[in-house]
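Visitor: Input protein30.cif, format and content: mmCIF, C-alpha atoms and all ligand atoms.
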data_my_file
loop_
_atom_site.label_atom_id
_atom_site.label_comp_id
_atom_site.auth_asym_id
_atom_site.auth_seq_id
_atom_site.Cartn_x
_atom_site.Cartn_y
_atom_site.Cartn_z
CA MET H 591 -16.21 -7.90 -10.78
CA GLU H 592 -14.95 -10.23 -13.54
CA HIS H 593 -12.90 -12.55 -11.35
CA LEU H 594 -14.51 -14.92 -8.88
CA TYR H 595 -12.05 -14.11 -6.08
CA ALA H 596 -11.63 -10.38 -6.76
CA SER H 597 -10.79 -8.80 -3.40
CA ASP H 598 -9.74 -5.31 -2.32
CA SER H 599 -7.10 -5.11 0.42
CA HIS H 600 -6.21 -1.40 0.41
CA ASN H 601 -8.71 1.44 0.77
CA HIS H 602 -9.77 4.20 3.12
CA SER H 603 -12.94 5.38 4.86
CA SER H 604 -13.69 8.76 6.42
CA CYS H 605 -11.63 7.57 9.42
CA SER H 606 -8.68 8.71 7.27
CA PRO H 607 -8.29 12.50 6.88
CA ASP H 608 -8.47 12.17 3.08
CA GLY H 609 -11.25 9.53 3.01
CA LYS H 610 -14.83 10.47 2.05
CA ASP H 611 -17.26 7.71 3.02
CA THR H 612 -18.10 5.96 6.28
CA VAL H 613 -17.00 2.43 7.11
CA SER H 614 -20.56 1.25 6.69
CA ALA H 615 -20.85 2.93 3.25
CA MET H 616 -17.58 1.29 2.18
CA CYS H 617 -18.83 -2.12 3.37
CA SER H 618 -22.15 -1.68 1.52
CA ARG H 619 -20.25 -0.90 -1.68
CA ALA H 620 -18.00 -3.95 -1.19
CA ALA H 621 -21.10 -6.15 -0.84
CA GLU H 622 -22.75 -4.52 -3.84
CA LEU H 623 -19.63 -5.17 -5.98
CA GLY H 624 -19.59 -8.79 -4.84
CA LEU H 625 -15.99 -8.64 -3.63
CA TYR H 626 -14.85 -12.05 -2.40
CA ALA H 627 -13.00 -10.44 0.52
CA TYR H 628 -12.88 -6.86 1.68
CA THR H 629 -10.12 -5.38 3.86
CA LEU H 630 -10.30 -1.78 5.05
CA THR H 631 -6.94 -0.11 5.73
CA ASP H 632 -7.25 3.42 7.11
CA HIS H 633 -4.15 5.55 7.50
CA CYS H 634 -1.81 5.79 10.46
CA GLU H 635 0.95 8.25 9.57
CA CYS H 636 3.31 7.24 12.35
CA GLN H 637 5.32 10.48 12.61
CA LYS H 638 2.02 12.35 13.13
CA TYR H 639 0.56 9.77 15.49
CA GLU H 640 0.53 11.83 18.69
CA LEU H 641 -0.62 15.02 16.98
CA GLN H 642 -3.25 13.64 14.69
CA TYR H 643 -3.67 9.90 14.27
CA ARG H 644 -4.07 8.40 17.74
CA PRO H 645 -7.84 9.11 17.99
CA ARG H 646 -8.41 8.26 14.31
CA VAL H 647 -6.79 4.83 14.67
CA LYS H 648 -8.99 4.15 17.72
CA THR H 649 -12.18 5.25 15.94
CA ALA H 650 -11.31 3.25 12.81
CA TRP H 651 -10.81 0.15 14.94
CA GLU H 652 -14.13 0.61 16.74
CA GLU H 653 -15.98 1.14 13.46
CA MET H 654 -14.37 -1.96 11.97
CA GLU H 655 -15.35 -4.05 14.99
CA LYS H 656 -18.99 -3.12 14.33
CA ALA H 657 -18.64 -3.85 10.60
CA ALA H 658 -17.04 -7.24 11.27
CA SER H 659 -20.34 -8.58 12.59
CA GLY H 660 -22.04 -8.12 9.18
CA PRO H 661 -22.46 -10.80 6.48
CA LEU H 662 -19.46 -9.59 4.43
CA ARG H 663 -16.13 -11.46 4.44
CA PHE H 664 -14.55 -8.45 6.06
CA TYR H 665 -11.01 -8.03 7.36
CA ARG H 666 -9.67 -5.34 9.63
CA GLY H 667 -6.55 -3.66 8.33
CA ILE H 668 -4.42 -0.55 8.67
CA GLU H 669 -1.93 1.28 6.45
CA MET H 670 1.11 2.21 8.50
CA GLY H 671 2.97 5.15 6.96
CA GLN H 672 6.63 5.67 7.93
CA PRO H 673 6.70 3.13 10.81
CA ASN H 674 10.51 3.18 10.43
CA GLN H 675 10.57 6.90 11.35
CA ALA H 676 8.52 6.51 14.52
CA PRO H 677 8.69 2.90 15.74
CA GLU H 678 7.31 3.72 19.20
CA ALA H 679 4.23 5.37 17.74
CA ALA H 680 3.84 2.37 15.43
CA ARG H 681 3.99 -0.01 18.39
CA ASP H 682 1.40 2.04 20.28
CA ALA H 683 -0.94 2.22 17.27
CA LEU H 684 -0.96 -1.56 16.85
CA ALA H 685 -0.97 -2.55 20.54
CA GLY H 686 -3.99 -4.45 21.80
CA ARG H 687 -5.73 -4.67 18.40
CA ASP H 688 -5.66 -7.93 16.49
CA TYR H 689 -5.57 -6.59 12.95
CA ASP H 690 -5.99 -9.06 10.12
CA PHE H 691 -3.72 -7.16 7.77
CA ILE H 692 -1.07 -4.45 8.00
CA ILE H 693 0.33 -2.51 5.03
CA GLY H 694 3.77 -0.90 5.39
CA SER H 695 4.10 2.30 3.32
CA ILE H 696 6.38 5.25 2.72
CA HIS H 697 4.60 8.49 1.76
CA ASN H 698 7.45 10.81 2.68
CA ILE H 699 11.14 10.39 3.38
CA ARG H 700 12.85 11.97 6.39
CA GLY H 701 13.13 15.72 6.16
CA PHE H 702 10.57 16.03 3.35
CA GLU H 703 6.80 16.40 2.99
CA ASP H 704 4.64 13.74 1.35
CA PHE H 705 5.81 13.18 -2.26
CA PHE H 706 2.49 14.74 -3.25
CA PHE H 707 3.64 18.16 -2.01
CA LEU H 708 7.20 18.28 -3.36
CA ASP H 709 8.27 20.63 -6.12
CA TYR H 710 10.20 18.52 -8.63
CA THR H 711 10.84 21.22 -11.21
CA GLU H 712 13.01 23.77 -9.42
CA GLU H 713 15.66 21.48 -7.99
CA GLU H 714 19.17 20.50 -9.11
CA PRO H 715 19.33 17.80 -11.84
CA ASP H 716 20.01 14.79 -9.62
CA PHE H 717 17.38 15.78 -7.03
CA ILE H 718 14.89 13.14 -8.19
CA ASP H 719 17.45 10.33 -8.24
CA ARG H 720 18.61 11.23 -4.73
CA LEU H 721 15.01 11.36 -3.56
CA LEU H 722 14.28 7.93 -5.05
CA SER H 723 17.46 6.53 -3.60
CA ALA H 724 16.38 7.65 -0.12
CA TYR H 725 12.92 6.17 -0.79
CA TRP H 726 14.28 2.66 -1.55
CA GLN H 727 16.46 2.95 1.53
CA GLU H 728 13.51 3.79 3.76
CA LEU H 729 11.53 0.88 2.28
CA LEU H 730 14.37 -1.38 3.42
CA GLU H 731 13.98 0.13 6.89
CA VAL H 732 10.24 -0.65 6.83
CA ILE H 733 11.06 -4.26 5.93
CA GLN H 734 13.59 -4.36 8.77
CA TRP H 735 10.94 -2.92 11.14
CA GLY H 736 8.93 -5.93 10.08
CA ASN H 737 5.51 -5.67 11.74
CA PHE H 738 3.54 -5.61 8.49
CA ASP H 739 2.21 -8.06 5.90
CA SER H 740 2.43 -6.30 2.53
CA LEU H 741 4.58 -3.46 1.19
CA GLY H 742 2.27 -0.70 -0.09
CA HIS H 743 2.41 0.92 -3.53
CA LEU H 744 6.08 0.45 -4.44
CA THR H 745 7.08 3.36 -6.77
CA TYR H 746 4.62 5.73 -5.06
CA PRO H 747 6.85 8.81 -5.83
CA LEU H 748 6.46 8.12 -9.57
CA ARG H 749 2.72 8.80 -9.27
CA TYR H 750 3.71 12.45 -8.75
CA ILE H 751 7.06 12.75 -10.54
CA GLU H 752 6.05 10.99 -13.78
CA GLY H 753 2.27 11.18 -13.45
CA ASP H 754 1.43 14.67 -12.22
CA HIS H 755 4.64 16.49 -13.24
CA GLY H 756 5.38 14.55 -16.45
CA ILE H 757 9.07 14.13 -15.61
CA PRO H 758 10.32 10.77 -16.96
CA VAL H 759 12.39 8.64 -14.60
CA ASP H 760 14.93 6.05 -15.75
CA LEU H 761 14.47 3.25 -13.23
CA SER H 762 17.40 1.27 -14.67
CA LYS H 763 19.68 3.48 -12.52
CA HIS H 764 17.78 2.15 -9.51
CA LYS H 765 17.78 -1.55 -10.44
CA ASN H 766 20.18 -2.63 -7.68
CA GLN H 767 18.27 -0.86 -4.95
CA ILE H 768 14.90 -2.17 -6.18
CA ASP H 769 16.33 -5.69 -6.30
CA GLN H 770 17.51 -5.22 -2.72
CA VAL H 771 13.97 -4.25 -1.68
CA PHE H 772 12.52 -7.33 -3.44
CA SER H 773 15.12 -9.67 -1.95
CA ALA H 774 14.60 -8.30 1.56
CA LEU H 775 10.83 -8.65 1.16
CA ILE H 776 11.15 -12.26 -0.01
CA ARG H 777 13.56 -13.16 2.81
CA ALA H 778 11.17 -11.63 5.35
CA GLU H 779 8.24 -13.60 3.82
CA LYS H 780 6.22 -10.44 3.29
CA ALA H 781 3.93 -9.70 0.35
CA LEU H 782 4.25 -7.10 -2.39
CA GLU H 783 1.14 -5.02 -3.05
CA VAL H 784 -0.22 -4.31 -6.52
CA ASN H 785 -1.82 -0.91 -6.03
CA THR H 786 -4.29 -0.18 -8.83
CA SER H 787 -4.92 3.51 -8.02
CA GLY H 788 -2.41 4.58 -10.70
CA LEU H 789 -4.72 3.12 -13.37
CA ARG H 790 -7.23 5.88 -12.69
CA GLN H 791 -4.60 8.61 -12.29
CA LYS H 792 -2.25 10.38 -14.68
CA ILE H 793 0.56 7.84 -14.29
CA GLY H 794 -1.78 5.27 -15.95
CA CYS H 795 -0.25 2.06 -14.54
CA THR H 796 -0.27 -0.01 -11.37
CA MET H 797 2.27 0.61 -8.61
CA PRO H 798 4.46 -1.31 -9.17
CA ASP H 799 3.97 -1.91 -12.91
CA LEU H 800 4.21 -5.16 -14.89
CA PRO H 801 8.02 -5.19 -15.49
CA LEU H 802 8.65 -4.78 -11.74
CA LEU H 803 6.09 -7.46 -10.85
CA ALA H 804 7.85 -9.81 -13.26
CA ARG H 805 11.23 -8.96 -11.71
CA TYR H 806 9.90 -9.65 -8.19
CA ARG H 807 8.68 -13.04 -9.39
CA GLU H 808 11.97 -13.75 -11.15
CA LEU H 809 13.81 -13.17 -7.87
CA GLY H 810 11.51 -15.69 -6.15
CA GLY H 811 8.65 -13.47 -4.95
CA ARG H 812 5.37 -15.35 -4.67
CA LEU H 813 3.25 -13.43 -2.15
CA VAL H 814 1.19 -10.58 -3.63
CA THR H 815 -1.85 -8.59 -2.47
CA LEU H 816 -4.17 -6.29 -4.44
CA GLY H 817 -5.68 -2.96 -3.48
CA SER H 818 -7.52 -0.11 -5.19
CA ASP H 819 -6.39 2.51 -2.64
CA ALA H 820 -9.92 3.92 -2.95
CA HIS H 821 -10.62 6.97 -0.77
CA CYS H 822 -14.37 6.83 -1.51
CA ALA H 823 -16.96 4.08 -2.00
CA GLU H 824 -17.21 4.82 -5.71
CA ASP H 825 -13.56 3.88 -6.33
CA LEU H 826 -13.67 0.63 -4.37
CA GLY H 827 -12.61 -2.40 -6.41
CA LYS H 828 -11.47 -0.23 -9.35
CA GLY H 829 -8.62 -1.78 -11.31
CA ILE H 830 -8.61 -5.02 -9.29
CA ASP H 831 -9.60 -7.14 -12.30
CA VAL H 832 -6.82 -5.49 -14.38
CA GLY H 833 -4.34 -6.06 -11.54
CA MET H 834 -5.29 -9.76 -11.41
CA GLU H 835 -4.63 -10.08 -15.14
CA LEU H 836 -1.28 -8.28 -14.91
CA LEU H 837 -0.23 -10.67 -12.16
CA GLN H 838 -1.07 -13.62 -14.40
CA GLN H 839 0.97 -12.05 -17.20
CA ALA H 840 3.87 -11.80 -14.76
CA GLY H 841 3.54 -15.54 -14.08
CA PHE H 842 1.60 -15.54 -10.81
CA THR H 843 -1.26 -18.01 -10.28
CA GLU H 844 -2.35 -16.92 -6.80
CA PHE H 845 -2.69 -13.83 -4.65
CA ALA H 846 -3.21 -13.41 -0.93
CA VAL H 847 -5.74 -11.88 1.39
CA TYR H 848 -4.78 -11.80 5.05
CA GLU H 849 -6.77 -13.19 7.94
CA LYS H 850 -5.33 -12.74 11.42
CA ARG H 851 -1.98 -11.78 9.83
CA LYS H 852 -1.77 -15.04 7.85
CA PRO H 853 -1.95 -15.20 4.03
CA VAL H 854 -4.96 -17.01 2.56
CA LEU H 855 -4.02 -17.87 -1.03
CA LEU H 856 -6.68 -17.47 -3.70
CA PRO H 857 -6.59 -18.28 -7.43
CA LEU H 858 -6.13 -15.33 -9.79
CA GLN H 859 -8.38 -16.85 -12.47
ZN ZN V 901 -0.44 4.89 0.90
ZN ZN V 902 -3.68 4.11 1.02
#
Please render this file's structure as structure tokens.
Guide:
Amino acid sequence: MEHLYASDSHNHSSCSPDGKDTVSAMCSRAAELGLYAYTLTDHCECQKYELQYRPRVKTAWEEMEKAASGPLRFYRGIEMGQPNQAPEAARDALAGRDYDFIIGSIHNIRGFEDFFFLDYTEEEPDFIDRLLSAYWQELLEVIQWGNFDSLGHLTYPLRYIEGDHGIPVDLSKHKNQIDQVFSALIRAEKALEVNTSGLRQKIGCTMPDLPLLARYRELGGRLVTLGSDAHCAEDLGKGIDVGMELLQQAGFTEFAVYEKRKPVLLPLQ
């Protein structure tokens, strides 16, 4: 890594259904890369908690407890998907486990599959704008739910709409709603994540991108976290150095890693 404090606070092991490598393989890679801090954040898709995620969350926690005894500066995290849609499941998933860091994410809006699975080509012309509008609204609900530290991969639907399907989206139509998300996040003293997975995917930029990071800062946002969203050891740490530079371009001097749900501020240089 090029930056002294380069840290990865969003990634997945094989405890997630779409993750490839074990917790111990992920930790070995983090040590090999020389990450300053490493936070693992396996999935809990709250609306599928009873059917699928309850045992996975338990296993992930047990594996992380073992890993925490190693020499690495390791933090135990979780990515909570759709906690607003299933708050009781979210409460149950987090109960009795003292996570260091919790990401709040939206991967699908009510009544729809994950944005990954949607067909964006066959729908009426304003379908995408209505979808995005519902997405910002559900992010506000996640912020209102409140039991998280950083908002995951803002603009996640664009990874598929613009990236995979090549349909351009004019975000200026969504400025008011995005500003509302930023303002709510700042008021709630939560962080905004810079998710670098887009840099290695078709969309080709971080989620959110530089103009949105600058807007968040302009509105008073200061807390930011960084994550590769790696689903295998090989991708761990990818794009973190670029993300740290983008944050500096947007005017930030520090980023946060979380220990026992409290931000530890580290220099971006
Ligand atoms: Zn996610
Ligand atoms: Zn993730």
Visitor: Go through chain H residue by residue and, counting all atoms listed in the file, keep those with an atom at most 9 Å from ligand ZN 901 (chain V); for each kept residue give the shortest atom pair and its distance in Å to one decimal, ordered by chain and increasing number, as a tab-separated table.
Guide:
residue	atom	partner	partner_atom	distance
H:His600	CA	V:ZN901	ZN	8.5
H:Asn601	CA	V:ZN901	ZN	9.0
H:His633	CA	V:ZN901	ZN	7.6
H:Glu669	CA	V:ZN901	ZN	6.8
H:Met670	CA	V:ZN901	ZN	8.2
H:Gly671	CA	V:ZN901	ZN	7.0
H:Ile693	CA	V:ZN901	ZN	8.5
H:Gly694	CA	V:ZN901	ZN	8.5
H:Ser695	CA	V:ZN901	ZN	5.8
H:Ile696	CA	V:ZN901	ZN	7.1
H:His697	CA	V:ZN901	ZN	6.3
H:Gly742	CA	V:ZN901	ZN	6.3
H:His743	CA	V:ZN901	ZN	6.6
H:Tyr746	CA	V:ZN901	ZN	7.9
H:Asp819	CA	V:ZN901	ZN	7.3
Visitor: Interatomic distance between atom CA of H:Glu824 and atom CA of H:Ala846?
Guide: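 Interatomic distance here is 23.5 Å.
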Visitor: Tell me, as a PyMOL selection string, which residues lie within 9 Å of H:Ala774, counting all atoms listed in the file; anything in the same chain fewer than 5 positions away does not count.
Guide: chain H and resi 730+733-734+769+779-780
Visitor: From (-25.2, -5.1, 2.5), in the file's coordinates, out to 12 Å: which residues are reached, counting all atoms listed in the file? Answer as a ChimeraX atom specification.
Guide: /H:614-625,657,659-664
Visitor: Return the single residue from H:Asn674, H:Thr815, H:Thr612, H:Gln791 that is closest to H:Glu752, with distances computed using all atoms listed in the file.
Guide: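 Checking each of H:Asn674, H:Thr815, H:Thr612, H:Gln791 against H:Glu752, counting all atoms listed in the file, the winner is H:Gln791.
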Visitor: Tell me which protein, DNA and RNA residues are within 10 Å of H:Arg644, counting only C-alpha atoms, leaving out same-chain ones fewer than 6 positions away, and put them as a PDB file with C-alpha atoms, in the frame of the given file.
Guide:
ATOM      1  CA  CYS H 634      -1.810   5.790  10.460  1.00  0.00           C
ATOM      2  CA  GLU H 635       0.950   8.250   9.570  1.00  0.00           C
ATOM      3  CA  CYS H 636       3.310   7.240  12.350  1.00  0.00           C
ATOM      4  CA  LYS H 638       2.020  12.350  13.130  1.00  0.00           C
ATOM      5  CA  ALA H 679       4.230   5.370  17.740  1.00  0.00           C
ATOM      6  CA  ASP H 682       1.400   2.040  20.280  1.00  0.00           C
ATOM      7  CA  ALA H 683      -0.940   2.220  17.270  1.00  0.00           C
TER       8      ALA H 683
END
Visitor: Around all the atoms of stretch 793-812 of chain H listed in the file, with 3 Å of room on each side, what axis-aligned box do you get, giving centre and edge lengths in Å to one decimal, as AutoDock Vina command-line options?
Guide:
--center_x 6.0 --center_y -3.9 --center_z -10.3 --size_x 21.6 --size_y 29.5 --size_z 17.3
Visitor: Extract, using only C-alpha atoms, all DNA, RNA and protein residues at most 9 Å from H:Ser606, discarding same-chain residues fewer than 2 positions from it, and format them as number ranges by chain.
Guide: H: 602-604, 608-610, 632-634, 643, 646-647, 650, 821
Visitor: Point out the residue among H:Thr711, H:Ser723, H:Ser787, H:Asn737 with the least atom-to-atom distance to H:Pro758, counting only C-alpha atoms.
Guide: H:Thr711
Visitor: Please provide as a list in words all residues within 8 Å of stretch 836-840 of chain H, with the sequence filter that same-chain residues fewer than 6 positions apart are discarded (counting only C-alpha atoms).
Guide: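 Residues meeting the cut-off are Leu800, Pro801, Leu803, Ala804, Arg807 and Leu858 of chain H.
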Visitor: What lies within 12 Å of H:Asp704 using all atoms listed in the file, ignoring chain neighbours under 3 positions off, as a ChimeraX atom specification?
Guide: /H:635,637,671-672,695-701,707-709,721,725,746-747,749-750
